[in-house]
>>> print(open('model09.txt').read())   # compact mmCIF, C-alpha atoms
# COMPACT_ATOMS: atom_id res chain seq x y z
CA MET W 1 8.16 -23.05 -25.82
CA SER W 2 5.96 -20.91 -23.59
CA SER W 3 5.68 -20.79 -19.83
CA VAL W 4 3.12 -23.03 -18.15
CA SER W 5 0.27 -21.37 -16.29
CA LYS W 6 -2.96 -22.62 -14.77
CA PRO W 7 -6.31 -22.10 -16.54
CA LEU W 8 -7.70 -18.65 -15.82
CA GLU W 9 -11.02 -20.05 -14.63
CA GLY W 10 -9.23 -20.93 -11.40
CA LEU W 11 -8.22 -17.31 -10.92
CA GLU W 12 -11.77 -16.14 -11.60
CA ASN W 13 -12.97 -18.45 -8.83
CA LYS W 14 -10.39 -17.05 -6.41
CA ILE W 15 -11.23 -13.41 -7.06
CA GLY W 16 -14.97 -14.04 -7.14
CA TYR W 17 -15.50 -12.40 -10.50
CA LYS W 18 -16.38 -13.92 -13.89
CA PHE W 19 -15.01 -11.97 -16.83
CA LYS W 20 -17.24 -11.12 -19.76
CA ASP W 21 -14.10 -10.53 -21.84
CA ILE W 22 -11.56 -13.17 -20.84
CA GLY W 23 -9.09 -11.45 -23.12
CA LEU W 24 -8.74 -8.66 -20.56
CA LEU W 25 -7.75 -11.13 -17.88
CA THR W 26 -5.35 -12.85 -20.26
CA THR W 27 -3.65 -9.53 -21.02
CA ALA W 28 -3.46 -8.71 -17.30
CA MET W 29 -1.57 -11.96 -16.73
CA THR W 30 0.80 -11.51 -19.68
CA HIS W 31 4.28 -10.34 -18.75
CA SER W 32 6.36 -8.43 -21.27
CA SER W 33 8.85 -11.33 -21.47
CA TYR W 34 6.09 -13.58 -22.84
CA SER W 35 4.79 -10.88 -25.16
CA ASN W 36 8.26 -10.19 -26.54
CA GLU W 37 8.92 -13.87 -27.24
CA HIS W 38 5.71 -14.19 -29.22
CA ARG W 39 6.19 -10.90 -31.01
CA GLY W 40 9.48 -12.28 -32.23
CA LYS W 41 7.52 -15.10 -33.84
CA GLY W 42 5.28 -12.64 -35.65
CA GLU W 43 2.36 -13.06 -33.23
CA VAL W 44 0.36 -10.19 -31.73
CA CYS W 45 0.44 -10.55 -27.95
CA ARG W 46 -0.15 -7.61 -25.64
CA CYS W 47 1.55 -7.42 -22.26
CA ASN W 48 0.02 -6.08 -19.06
CA GLU W 49 1.96 -2.81 -18.79
CA ARG W 50 -0.88 -0.53 -19.94
CA LEU W 51 -3.30 -2.25 -17.58
CA GLU W 52 -0.77 -1.88 -14.78
CA PHE W 53 -0.73 1.88 -15.43
CA LEU W 54 -4.51 2.11 -15.08
CA GLY W 55 -4.61 -0.31 -12.16
CA ASP W 56 -2.23 1.88 -10.18
CA SER W 57 -4.74 4.75 -10.39
CA VAL W 58 -7.72 2.52 -9.56
CA LEU W 59 -5.83 1.19 -6.54
CA SER W 60 -4.92 4.69 -5.41
CA ILE W 61 -8.41 6.22 -5.60
CA ILE W 62 -10.14 3.31 -3.86
CA THR W 63 -7.53 3.18 -1.10
CA SER W 64 -7.49 6.97 -0.71
CA GLU W 65 -11.28 7.17 -0.38
CA TYR W 66 -11.27 4.41 2.23
CA LEU W 67 -8.57 6.08 4.33
CA PHE W 68 -10.20 9.51 3.94
CA GLU W 69 -13.50 8.22 5.35
CA LYS W 70 -12.06 5.95 8.04
CA PHE W 71 -9.49 8.36 9.50
CA ARG W 72 -11.35 11.65 9.57
CA GLU W 73 -8.98 13.26 12.09
CA ARG W 74 -5.76 12.49 10.21
CA ASP W 75 -4.11 15.18 8.11
CA GLU W 76 -2.88 14.90 4.53
CA GLY W 77 0.62 13.87 5.57
CA ASP W 78 -0.58 11.01 7.76
CA LEU W 79 -3.02 9.76 5.12
CA THR W 80 -0.32 9.85 2.45
CA LYS W 81 2.01 7.85 4.67
CA MET W 82 -0.68 5.29 5.44
CA ARG W 83 -1.58 4.88 1.78
CA ALA W 84 2.07 4.38 0.87
CA GLU W 85 2.35 1.61 3.47
CA VAL W 86 -0.75 -0.34 2.39
CA VAL W 87 -0.15 -0.18 -1.38
CA CYS W 88 3.63 -0.55 -1.50
CA GLU W 89 5.26 -3.22 -3.64
CA ARG W 90 5.71 -5.53 -0.65
CA ALA W 91 2.01 -5.33 0.26
CA LEU W 92 0.75 -5.80 -3.30
CA ALA W 93 3.01 -8.80 -3.84
CA GLY W 94 1.57 -10.25 -0.63
CA PHE W 95 -1.98 -9.75 -1.90
CA ALA W 96 -0.99 -11.46 -5.16
CA ARG W 97 0.46 -14.44 -3.30
CA GLU W 98 -2.74 -14.83 -1.27
CA ILE W 99 -4.68 -15.58 -4.45
CA GLY W 100 -1.85 -17.58 -6.05
CA LEU W 101 -1.53 -15.04 -8.84
CA GLY W 102 1.90 -16.28 -9.86
CA ASP W 103 0.43 -19.58 -10.99
CA TYR W 104 -1.62 -17.82 -13.68
CA LEU W 105 1.07 -15.61 -15.19
CA LEU W 106 2.20 -15.96 -18.77
CA LEU W 107 5.98 -15.61 -18.65
CA GLY W 108 8.79 -15.93 -21.12
CA VAL W 109 10.92 -19.04 -20.77
CA GLY W 110 13.84 -17.21 -19.20
CA GLU W 111 11.70 -15.23 -16.78
CA ASP W 112 9.92 -18.41 -15.70
CA LYS W 113 13.19 -20.29 -15.13
CA ASN W 114 14.56 -17.38 -13.10
CA GLY W 115 11.70 -17.52 -10.61
CA GLY W 116 9.48 -14.84 -12.11
CA ARG W 117 6.32 -16.34 -10.61
CA GLY W 118 7.60 -15.41 -7.16
CA ASN W 119 9.20 -12.10 -8.09
CA LYS W 120 7.89 -9.33 -5.83
CA SER W 121 7.97 -6.59 -8.46
CA LEU W 122 6.39 -8.75 -11.13
CA LEU W 123 3.61 -9.91 -8.80
CA SER W 124 2.76 -6.40 -7.62
CA ASP W 125 2.58 -5.17 -11.22
CA ALA W 126 0.33 -8.06 -12.21
CA PHE W 127 -1.95 -7.40 -9.25
CA GLU W 128 -2.43 -3.81 -10.40
CA ALA W 129 -3.11 -5.04 -13.93
CA LEU W 130 -5.73 -7.44 -12.55
CA LEU W 131 -7.51 -4.55 -10.82
CA ALA W 132 -7.61 -2.62 -14.09
CA ALA W 133 -8.93 -5.62 -15.99
CA MET W 134 -11.76 -6.06 -13.48
CA TYR W 135 -12.50 -2.33 -13.57
CA LEU W 136 -12.78 -2.25 -17.36
CA ASP W 137 -14.66 -5.52 -17.74
CA ALA W 138 -17.37 -4.54 -15.25
CA ASP W 139 -18.13 -1.28 -17.12
CA GLY W 140 -20.17 1.07 -14.93
CA GLU W 141 -19.88 -1.24 -11.94
CA GLY W 142 -16.11 -1.45 -12.23
CA LYS W 143 -15.28 0.61 -9.18
CA SER W 144 -17.68 -1.22 -6.87
CA ILE W 145 -16.49 -4.60 -8.17
CA VAL W 146 -12.86 -3.73 -7.50
CA GLN W 147 -13.72 -2.26 -4.09
CA ARG W 148 -15.43 -5.46 -3.03
CA PHE W 149 -12.40 -7.49 -4.04
CA LEU W 150 -9.65 -5.09 -2.90
CA LEU W 151 -10.78 -3.63 0.44
CA PRO W 152 -10.47 -6.86 2.46
CA PHE W 153 -6.78 -6.92 1.51
CA ILE W 154 -6.36 -3.24 2.36
CA THR W 155 -8.11 -3.46 5.73
CA ALA W 156 -6.15 -6.57 6.75
CA GLU W 157 -2.86 -4.90 5.79
CA LEU W 158 -3.84 -1.75 7.63
CA GLU W 159 -4.52 -3.76 10.78
CA LYS W 160 -1.03 -5.23 10.60
CA ILE W 161 0.53 -1.80 10.13
CA GLU W 162 -1.48 -0.26 12.96
CA ALA W 163 -0.46 -3.12 15.26
CA SER W 164 3.17 -2.32 14.47
CA GLY W 165 2.62 1.31 15.50
CA LYS W 166 3.56 2.80 12.14
CA THR W 167 0.27 4.63 11.69
CA LYS W 168 -0.43 5.72 15.27
CA ASP W 169 -0.74 9.45 15.86
CA TYR W 170 1.30 9.69 19.05
CA LYS W 171 1.18 13.50 19.10
CA THR W 172 -2.61 13.50 19.31
CA MET W 173 -2.55 10.70 21.89
CA LEU W 174 -0.11 12.67 24.07
CA GLN W 175 -2.10 15.90 23.76
CA GLN W 176 -5.31 14.15 24.76
CA PHE W 177 -3.61 12.44 27.71
CA LEU W 178 -2.11 15.65 29.05
CA GLN W 179 -5.38 17.57 28.64
CA GLN W 180 -7.07 15.20 31.07
CA ASP W 181 -5.45 17.19 33.88
CA GLY W 182 -6.22 20.59 32.39
CA ALA W 183 -4.55 22.91 29.92
CA VAL W 184 -0.92 22.15 29.12
CA ASN W 185 1.79 23.93 27.22
CA LEU W 186 3.03 21.09 25.00
CA THR W 187 5.68 22.03 22.43
CA TYR W 188 8.19 20.27 20.20
CA ALA W 189 11.61 21.89 20.06
CA PRO W 190 14.09 21.06 17.27
CA ILE W 191 17.46 20.10 18.75
CA SER W 192 19.59 19.16 15.78
CA GLU W 193 19.69 17.95 12.21
CA SER W 194 22.49 16.07 10.53
CA GLY W 195 23.38 14.25 7.32
CA PRO W 196 23.20 15.19 3.63
CA ASP W 197 20.14 16.96 2.22
CA HIS W 198 18.72 13.74 0.75
CA ALA W 199 19.11 11.74 4.00
CA LYS W 200 18.87 14.05 6.99
CA THR W 201 18.20 12.97 10.55
CA PHE W 202 16.24 15.32 12.81
CA VAL W 203 16.21 15.30 16.63
CA VAL W 204 13.34 16.86 18.57
CA GLU W 205 12.39 17.26 22.23
CA ALA W 206 8.82 17.12 23.50
CA ARG W 207 8.39 19.69 26.24
CA MET W 208 5.64 20.35 28.75
CA GLY W 209 6.33 23.88 29.79
CA SER W 210 10.02 23.90 30.68
CA ASN W 211 10.15 20.14 31.33
CA ILE W 212 11.55 17.75 28.74
CA ILE W 213 9.27 14.71 28.57
CA GLY W 214 10.53 12.95 25.44
CA HIS W 215 13.23 12.78 22.78
CA GLY W 216 12.73 11.61 19.22
CA SER W 217 14.64 11.31 15.96
CA GLY W 218 13.52 10.70 12.41
CA LYS W 219 14.09 11.28 8.73
CA THR W 220 11.63 14.21 8.84
CA LYS W 221 10.77 16.69 11.58
CA LYS W 222 7.28 15.24 11.73
CA ASP W 223 8.60 11.71 12.29
CA ALA W 224 10.94 13.02 14.99
CA GLU W 225 8.03 14.73 16.76
CA GLN W 226 5.95 11.55 16.61
CA ASN W 227 8.81 9.57 18.13
CA ALA W 228 9.30 12.17 20.87
CA ALA W 229 5.59 11.96 21.69
CA ARG W 230 5.79 8.17 21.76
CA GLU W 231 8.68 8.32 24.25
CA ALA W 232 6.67 10.72 26.41
CA LEU W 233 3.70 8.36 26.40
CA ARG W 234 5.99 5.54 27.49
CA LEU W 235 7.32 7.75 30.29
CA PHE W 236 3.75 8.27 31.52
CA GLY W 237 2.98 4.56 31.19
CA GLU W 238 0.36 5.06 28.49
CA ILE W 239 1.93 2.66 25.98
>>> encode(input="model09.txt", output="structure tokens")
Amino acid sequence: MSSVSKPLEGLENKIGYKFKDIGLLTTAMTHSSYSNEHRGKGEVCRCNERLEFLGDSVLSIITSEYLFEKFRERDEGDLTKMRAEVVCERALAGFAREIGLGDYLLLGVGEDKNGGRGNKSLLSDAFEALLAAMYLDADGEGKSIVQRFLLPFITAELEKIEASGKTKDYKTMLQQFLQQDGAVNLTYAPISESGPDHAKTFVVEARMGSNIIGHGSGKTKKDAEQNAAREALRLFGEI
């Protein structure tokens, strides 16, 4: 007995793309549990793991290009952090749920009974496989097709993250605020670090000349500096 999934035409309607090779979409929706069950019966049935591998790269390059163009003043570290936030497993599973992707998955009996259609990891993997399937099926237009489908999800997720403050560059905001009144001597002084090498906590002070205007802590020195700058901005009533 196989798992029950909806006809793939419904998924094509949701993503706004009609496959020339429906076999690619079928493979993208095939979990290894389903493939293994059928292989045991002597049937050839590919799972979506190879497509997931390609989809991860397609996702990364499209997202990276978007962030690179949109945030021209951000450095490599900030862009990397932003990309990690918008393409993490949680975010991808959310994108998958928005299009009801779980309803179209081919799952083994056990995986289906154990709630595989709502499994965060499984959904995020299938979403990446879907991107790869679209990319391959559209040939030379693959990248533009995937961009058109993917970027609305990325931009909406980015708006949520920015609203939460996770991507704000508080150091730049503080520097710009202080420069309104002329040149300033803004520095960030390390105060302490604690914890094991793999999980350190850093504490930093933001200083304007000899005056301490903010404290911050974080898992990296950069995060601690950002948090110190944020506290300083709060002190000045800017946030």
>>> residues_around(input="model09.txt", residues="segment 184-187 of chain W", least_positions_apart="4", cutoff="8 Å", atoms="only C-alpha atoms", output="list in words")
Gln175, Leu178, Gln179, Ala206, Arg207, Met208 and Gly209 of chain W
>>> residues_around(input="model09.txt", residues="Ser57 of chain W", least_positions_apart="5", cutoff="10 Å", atoms="all atoms listed in the file", output="count of residues only")
6
>>> closest_residue(input="model09.txt", among="W:Pro7, W:Lys70, W:Asn119, W:Glu85", to="Ser164 of chain W", atoms="only C-alpha atoms")
W:Glu85
>>> atom_distance(input="model09.txt", atom1="atom CA of Pro190 of chain W", atom2="atom CA of Thr220 of chain W")
11.1 Å
>>> residues_around(input="model09.txt", residues="segment 13-29 of chain W", least_positions_apart="4", cutoff="7 Å", atoms="only C-alpha atoms", output="PDB file with C-alpha atoms, in the frame of the given file")
ATOM      1  CA  GLU W   9     -11.020 -20.050 -14.630  1.00  0.00           C
ATOM      2  CA  ARG W  46      -0.150  -7.610 -25.640  1.00  0.00           C
ATOM      3  CA  CYS W  47       1.550  -7.420 -22.260  1.00  0.00           C
ATOM      4  CA  ASN W  48       0.020  -6.080 -19.060  1.00  0.00           C
ATOM      5  CA  LEU W  51      -3.300  -2.250 -17.580  1.00  0.00           C
ATOM      6  CA  ILE W  99      -4.680 -15.580  -4.450  1.00  0.00           C
ATOM      7  CA  TYR W 104      -1.620 -17.820 -13.680  1.00  0.00           C
ATOM      8  CA  LEU W 105       1.070 -15.610 -15.190  1.00  0.00           C
ATOM      9  CA  LEU W 106       2.200 -15.960 -18.770  1.00  0.00           C
ATOM     10  CA  ALA W 126       0.330  -8.060 -12.210  1.00  0.00           C
ATOM     11  CA  ALA W 129      -3.110  -5.040 -13.930  1.00  0.00           C
ATOM     12  CA  LEU W 130      -5.730  -7.440 -12.550  1.00  0.00           C
ATOM     13  CA  ALA W 133      -8.930  -5.620 -15.990  1.00  0.00           C
ATOM     14  CA  ASP W 137     -14.660  -5.520 -17.740  1.00  0.00           C
ATOM     15  CA  PHE W 149     -12.400  -7.490  -4.040  1.00  0.00           C
TER      16      PHE W 149
END
>>> closest_residue(input="model09.txt", among="W:Leu233, W:Leu107, W:Leu101, W:Leu158", to="Val86 of chain W", atoms="only C-alpha atoms")
W:Leu158
>>> closest_residue(input="model09.txt", among="W:Gly10, W:Leu92, W:Ala199, W:Val109", to="His38 of chain W", atoms="only C-alpha atoms")
W:Val109
>>> atom_distance(input="model09.txt", atom1="atom CA of Gly42 of chain W", atom2="atom CA of Met134 of chain W")
28.7 Å
>>> residues_around(input="model09.txt", residues="Gly195 of chain W", least_positions_apart="5", cutoff="12 Å", atoms="only C-alpha atoms", output="MDAnalysis selection string")
chainID W and resid 200:203 218:220
>>> closest_residue(input="model09.txt", among="W:Glu141, W:Glu231, W:Glu69, W:Asp169", to="Lys81 of chain W", atoms="all atoms listed in the file")
W:Asp169
>>> residues_around(input="model09.txt", residues="Ile191 of chain W", least_positions_apart="2", cutoff="7 Å", atoms="all atoms listed in the file", output="ChimeraX atom specification")
/W:189,203-205
>>> atom_distance(input="model09.txt", atom1="atom CA of Ser5 of chain W", atom2="atom CA of Arg117 of chain W")
9.7 Å
>>> closest_residue(input="model09.txt", among="W:Phe177, W:Ala224, W:Leu150, W:Tyr188", to="Glu238 of chain W", atoms="only C-alpha atoms")
W:Phe177
>>> closest_residue(input="model09.txt", among="W:Asn227, W:Ser210, W:Ser33, W:Ser217", to="Asn114 of chain W", atoms="all atoms listed in the file")
W:Ser33
>>> build_atoms(input="model09.txt", residues="segment 8-19 of chain W", atoms="all heavy atoms", output="CSV table (one decimal), in the frame of the given file")
chain,number,residue,atom,x,y,z
W,8,LEU,N,-7.3,-19.9,-16.5
W,8,LEU,CA,-7.7,-18.6,-15.8
W,8,LEU,C,-9.0,-18.8,-15.1
W,8,LEU,O,-9.4,-17.9,-14.2
W,8,LEU,CB,-7.8,-17.5,-16.9
W,8,LEU,CG,-6.5,-17.1,-17.5
W,8,LEU,CD1,-6.7,-16.0,-18.5
W,8,LEU,CD2,-5.5,-16.6,-16.4
W,9,GLU,N,-9.8,-19.8,-15.4
W,9,GLU,CA,-11.0,-20.0,-14.6
W,9,GLU,C,-10.7,-20.2,-13.1
W,9,GLU,O,-11.5,-19.8,-12.3
W,9,GLU,CB,-11.7,-21.3,-15.1
W,9,GLU,CG,-12.3,-21.2,-16.5
W,9,GLU,CD,-11.3,-21.3,-17.6
W,9,GLU,OE1,-10.1,-21.7,-17.3
W,9,GLU,OE2,-11.7,-21.1,-18.8
W,10,GLY,N,-9.6,-20.8,-12.8
W,10,GLY,CA,-9.2,-20.9,-11.4
W,10,GLY,C,-9.0,-19.6,-10.7
W,10,GLY,O,-9.4,-19.4,-9.6
W,11,LEU,N,-8.4,-18.7,-11.5
W,11,LEU,CA,-8.2,-17.3,-10.9
W,11,LEU,C,-9.6,-16.6,-10.8
W,11,LEU,O,-9.8,-15.9,-9.8
W,11,LEU,CB,-7.3,-16.5,-11.8
W,11,LEU,CG,-6.9,-15.1,-11.4
W,11,LEU,CD1,-6.3,-15.1,-10.0
W,11,LEU,CD2,-6.0,-14.4,-12.4
W,12,GLU,N,-10.5,-16.8,-11.7
W,12,GLU,CA,-11.8,-16.1,-11.6
W,12,GLU,C,-12.5,-16.6,-10.3
W,12,GLU,O,-13.1,-15.8,-9.6
W,12,GLU,CB,-12.6,-16.5,-12.8
W,12,GLU,CG,-12.2,-15.8,-14.1
W,12,GLU,CD,-13.0,-16.1,-15.3
W,12,GLU,OE1,-13.3,-17.3,-15.5
W,12,GLU,OE2,-13.5,-15.2,-16.0
W,13,ASN,N,-12.4,-17.9,-10.0
W,13,ASN,CA,-13.0,-18.4,-8.8
W,13,ASN,C,-12.4,-17.8,-7.6
W,13,ASN,O,-13.1,-17.5,-6.6
W,13,ASN,CB,-12.8,-20.0,-8.8
W,13,ASN,CG,-13.6,-20.7,-9.8
W,13,ASN,OD1,-14.7,-20.2,-10.3
W,13,ASN,ND2,-13.2,-21.9,-10.3
W,14,LYS,N,-11.1,-17.6,-7.6
W,14,LYS,CA,-10.4,-17.0,-6.4
W,14,LYS,C,-10.7,-15.6,-6.2
W,14,LYS,O,-10.9,-15.2,-5.0
W,14,LYS,CB,-8.9,-17.2,-6.6
W,14,LYS,CG,-8.4,-18.6,-6.4
W,14,LYS,CD,-6.9,-18.7,-6.4
W,14,LYS,CE,-6.4,-20.1,-6.2
W,14,LYS,NZ,-4.9,-20.2,-6.1
W,15,ILE,N,-10.9,-14.8,-7.2
W,15,ILE,CA,-11.2,-13.4,-7.1
W,15,ILE,C,-12.7,-13.2,-7.0
W,15,ILE,O,-13.2,-12.0,-6.7
W,15,ILE,CB,-10.6,-12.6,-8.2
W,15,ILE,CG1,-11.3,-12.9,-9.5
W,15,ILE,CG2,-9.1,-12.8,-8.2
W,15,ILE,CD1,-10.7,-12.0,-10.7
W,16,GLY,N,-13.5,-14.2,-7.2
W,16,GLY,CA,-15.0,-14.0,-7.1
W,16,GLY,C,-15.6,-13.2,-8.2
W,16,GLY,O,-16.6,-12.5,-8.0
W,17,TYR,N,-15.0,-13.2,-9.4
W,17,TYR,CA,-15.5,-12.4,-10.5
W,17,TYR,C,-15.3,-13.2,-11.8
W,17,TYR,O,-14.2,-13.7,-12.1
W,17,TYR,CB,-14.8,-11.0,-10.6
W,17,TYR,CG,-15.3,-10.2,-11.7
W,17,TYR,CD1,-16.5,-9.6,-11.7
W,17,TYR,CD2,-14.5,-10.0,-12.9
W,17,TYR,CE1,-17.0,-8.8,-12.7
W,17,TYR,CE2,-15.0,-9.3,-14.0
W,17,TYR,CZ,-16.2,-8.7,-13.9
W,17,TYR,OH,-16.7,-7.9,-14.9
W,18,LYS,N,-16.4,-13.2,-12.6
W,18,LYS,CA,-16.4,-13.9,-13.9
W,18,LYS,C,-16.3,-12.9,-15.0
W,18,LYS,O,-17.1,-12.0,-15.1
W,18,LYS,CB,-17.7,-14.7,-14.1
W,18,LYS,CG,-17.7,-15.5,-15.4
W,18,LYS,CD,-16.8,-16.7,-15.3
W,18,LYS,CE,-17.0,-17.6,-16.6
W,18,LYS,NZ,-16.0,-18.7,-16.6
W,19,PHE,N,-15.2,-13.0,-15.8
W,19,PHE,CA,-15.0,-12.0,-16.8
W,19,PHE,C,-15.9,-12.2,-18.0
W,19,PHE,O,-16.2,-13.3,-18.5
W,19,PHE,CB,-13.6,-12.0,-17.3
W,19,PHE,CG,-12.6,-11.2,-16.5
W,19,PHE,CD1,-12.1,-11.7,-15.3
W,19,PHE,CD2,-12.2,-10.0,-16.9
W,19,PHE,CE1,-11.3,-11.0,-14.5
W,19,PHE,CE2,-11.3,-9.2,-16.1
W,19,PHE,CZ,-10.9,-9.7,-14.9
